[in-house]
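Student: My questions will all concern the structure given below.
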Amino acid sequence: QESSGQIGPILAMSLVFVYLFLVALYESWMLPVAVLLISPVALVGALFSQYVAGYSLDIYAQIGLVMLIGLSTKQAILIIEFAKDAHEQGLPIKEAAIQAARLRFRAVMMTNIAFILGLLPLVFASGAGAASRNSVGMTVLGGMMAVAFIGTFLVPAFYVMIEEFKIFTART
């Protein structure tokens with residue numbers, strides 16, 4: 001019970017660590033924000049699935065939420081990395097984002113669908129200790145479904161938004 005109220009600081013710390021790793025990867029302070037904007041989509045999907053299934057936000061669901069931050073940003077990295085490379089090769093920002101989304105759509109969706117199907121044994125587990133597996137499985141399943149079906153279309157928009165914001169702030 002004591003640790004159940006600590007999910008806010010734990011999620012904040014995990015976001016900060018992911019952000020710092022992405023800053024090192026992209027050598028930019030702004031581009032990682034485009035990657036991290038997928039995390040709220042994943043968290044909302046996870047919390048919605050927990051609510052619909054009637055589960056509480058127990059310690060297993062909280063572990064699933066932390067896992068979800070890393071899993072959702074992995075998908076965004078795949079798209080944004082290609083968009084960044086295309087933009088550096090001379091394509092306009094919007095065209096680079098569209099091209100990256102087209103090129104990586106199949107790979108991202110295949111990865112997400114394989115992961116979602118891999119979660120089904122956790123979601124439908126029965127027997128001793130099944131409640132913990134169900135809780136973490138449902139959390140991650142809901143978050144990944146939201147990321148797969150909503151986030152895939154939002155990531156290119158996040159990239160364009162952040163890149164145009166960088167250009168806007170450089171002019172002023």
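Lettering and numbering for the structure tokens are positional, with chains as A, B, ... in the shown order, residues counted from 1 in each chain, and ligands counted from 1 in the shown order.
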Residues near region 35-41 of chain A, anyone? I mean within 9 Å using only C-alpha atoms, not counting same-chain ones fewer than 3 positions away, as a ChimeraX atom specification.
Tutor: /A:15,18-19,22,31-32,44-46,68-70,72-77,80,143,146-147,150-152,154-155,158-159
Student: Contacts of Glu164 (chain A) at 8 Å or less, counting only C-alpha atoms, minus same-chain residues fewer than 4 places along, as a PyMOL selection string?
Tutor: chain A and resi 93+160+168
Student: CA of Phe153 (chain A) and CA of Ala97 (chain A) are how many Å apart?
Tutor: 10.5 Å
Student: Which residues, written as a ChimeraX atom specification, have at least one atom at most 8 Å from Asn112 (chain A), with only C-alpha atoms counted and residues fewer than 5 positions away on the same chain left out?
Tutor: /A:144-145,148
Student: Report as a PyMOL selection string all protein, DNA and RNA residues lying within 12 Å of region 128-139 of chain A, evaluated on only C-alpha atoms, omitting residues in the same chain fewer than 2 positions from it.
Tutor: chain A and resi 42-69+115-126+141-146
Student: Calculated over only C-alpha atoms, which of the candidates A:Ala170, A:Gly127, A:Ile79, A:Leu25 has the smallest distance to Phe105 (chain A)?
Tutor: A:Ile79
Student: Grab the CA of Arg106 (chain A) to CA of Met161 (chain A) distance for me, in Å with one decimal place.
Tutor: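 Between these atoms lies a distance of 23.3 Å.
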